[in-house]
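Structure record follows, encoded as structure tokens.
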Amino acid sequence: MKSLGISSLLVILVTLVLISFASLSLSTAKSDMNMAEKAADHKTLYYEACNQAEQEINKFRHQETDENSWLIKINDDQILDVEIAKSPKEGCGYKIIKWMVVNTADRNYNQKLNLLQ
């Protein structure tokens, strides 16, 4: 009779451990999926800004515009800063001076955290 109670208790304990591991892995998978979706959305916005910059460069190459630097919005917090110049070599067209993502969000790093109250 005593061995039946220990084995039942052991089965219940193992079941609870397996359920807790399953819930932890499920929550980890959900957070990984959310992070992957955010990264994919950001990459899409970045490549759309790159395509827009390439269109502006193409206008510059065909002398449709004299402007040689652009600030292209990626999202609310970032812009793509592009600058080109005519290449001194014949037949090369242009060279890229600057192609960089600039953070425009106002970051306040002096925030206090009230850990102990």
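Chain identifiers are assigned as A, B, and so on, following the order in which chains appear in the structure tokens; residues are numbered from 1 within each chain, and ligands are numbered from 1 in order of appearance.
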Per DSSP on the backbone, filter stretch 7-116 of chain A down to the residues in alpha helix (DSSP H) and report them as an NGL selection string. :A and (7-61)
Taking the backbone alone, and naming residues the way the document does, which bits of stretch 41-79 of chain A are strand (DSSP E) by DSSP, as a PyMOL selection string? chain A and resi 69-73+78-79
As a VMD selection string, please: the residues near stretch 91-107 of chain A (cut-off 10 Å, only C-alpha atoms, same-chain neighbours under 3 positions excluded). chain A and resid 46 50 53 57 60 to 62 68 to 88 110 to 111
Atoms to include: N, CA and C atoms. Write the selected residues as a short mmCIF file (atom, residue, chain, number, x, y, z; two decimals), in the first residue's frame.
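The resulting file, again25.cif, is shown below:
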```
data_model
loop_
_atom_site.label_atom_id
_atom_site.label_comp_id
_atom_site.auth_asym_id
_atom_site.auth_seq_id
_atom_site.Cartn_x
_atom_site.Cartn_y
_atom_site.Cartn_z
N TYR A 46 13.61 49.05 -43.96
CA TYR A 46 14.96 49.47 -44.35
C TYR A 46 15.18 49.28 -45.85
N CYS A 50 16.03 51.90 -48.84
CA CYS A 50 17.16 51.72 -49.75
C CYS A 50 16.71 51.80 -51.21
N ALA A 53 16.20 55.36 -52.05
CA ALA A 53 17.49 56.02 -52.24
C ALA A 53 18.07 55.68 -53.60
N ILE A 57 19.18 58.20 -56.57
CA ILE A 57 20.51 58.15 -57.18
C ILE A 57 20.39 58.00 -58.69
N PHE A 60 19.74 61.28 -60.15
CA PHE A 60 20.98 62.05 -60.14
C PHE A 60 21.88 61.63 -61.31
N ARG A 61 21.97 60.35 -61.54
CA ARG A 61 22.82 59.83 -62.62
C ARG A 61 22.33 60.29 -63.99
N HIS A 62 21.02 60.43 -64.14
CA HIS A 62 20.46 60.85 -65.43
C HIS A 62 20.23 62.35 -65.49
N ASN A 68 22.46 65.85 -54.27
CA ASN A 68 23.32 64.67 -54.12
C ASN A 68 23.30 64.10 -52.70
N SER A 69 22.37 64.55 -51.85
CA SER A 69 22.23 63.96 -50.52
C SER A 69 20.74 63.91 -50.16
N TRP A 70 20.37 62.83 -49.47
CA TRP A 70 18.97 62.61 -49.14
C TRP A 70 18.85 62.08 -47.73
N LEU A 71 17.76 62.45 -47.07
CA LEU A 71 17.36 61.89 -45.79
C LEU A 71 16.03 61.19 -46.03
N ILE A 72 16.05 59.88 -45.93
CA ILE A 72 14.88 59.07 -46.25
C ILE A 72 14.37 58.42 -44.97
N LYS A 73 13.10 58.62 -44.68
CA LYS A 73 12.52 58.09 -43.44
C LYS A 73 12.36 56.57 -43.53
N ILE A 74 12.88 55.88 -42.52
CA ILE A 74 12.69 54.43 -42.42
C ILE A 74 11.46 54.14 -41.56
N ASN A 75 11.45 54.70 -40.36
CA ASN A 75 10.30 54.61 -39.46
C ASN A 75 10.28 55.87 -38.60
N ASP A 76 9.51 55.88 -37.54
CA ASP A 76 9.39 57.09 -36.72
C ASP A 76 10.69 57.44 -36.01
N ASP A 77 11.57 56.46 -35.81
CA ASP A 77 12.78 56.68 -35.02
C ASP A 77 14.07 56.67 -35.83
N GLN A 78 14.02 56.35 -37.12
CA GLN A 78 15.24 56.22 -37.90
C GLN A 78 15.08 56.81 -39.30
N ILE A 79 16.18 57.34 -39.81
CA ILE A 79 16.25 57.80 -41.20
C ILE A 79 17.49 57.20 -41.86
N LEU A 80 17.45 57.12 -43.17
CA LEU A 80 18.59 56.68 -43.95
C LEU A 80 19.24 57.93 -44.54
N ASP A 81 20.49 58.17 -44.18
CA ASP A 81 21.23 59.35 -44.63
C ASP A 81 22.15 58.90 -45.77
N VAL A 82 21.88 59.41 -46.98
CA VAL A 82 22.61 59.01 -48.18
C VAL A 82 23.24 60.23 -48.81
N GLU A 83 24.51 60.10 -49.17
CA GLU A 83 25.21 61.19 -49.88
C GLU A 83 26.11 60.55 -50.94
N ILE A 84 26.05 61.12 -52.14
CA ILE A 84 26.89 60.62 -53.23
C ILE A 84 27.62 61.80 -53.87
N ALA A 85 28.62 61.46 -54.67
CA ALA A 85 29.36 62.49 -55.41
C ALA A 85 29.70 61.91 -56.78
N LYS A 86 29.86 62.82 -57.74
CA LYS A 86 30.28 62.37 -59.07
C LYS A 86 31.68 61.81 -58.96
N SER A 87 31.89 60.70 -59.61
CA SER A 87 33.19 60.05 -59.57
C SER A 87 34.17 60.79 -60.48
N PRO A 88 35.42 60.97 -60.04
CA PRO A 88 36.40 61.65 -60.90
C PRO A 88 36.79 60.80 -62.11
N ASN A 110 18.82 59.38 -18.68
CA ASN A 110 18.98 59.78 -17.30
C ASN A 110 17.73 59.47 -16.48
N GLN A 111 17.02 58.47 -16.85
CA GLN A 111 15.83 58.09 -16.11
C GLN A 111 16.23 57.32 -14.86
#
```
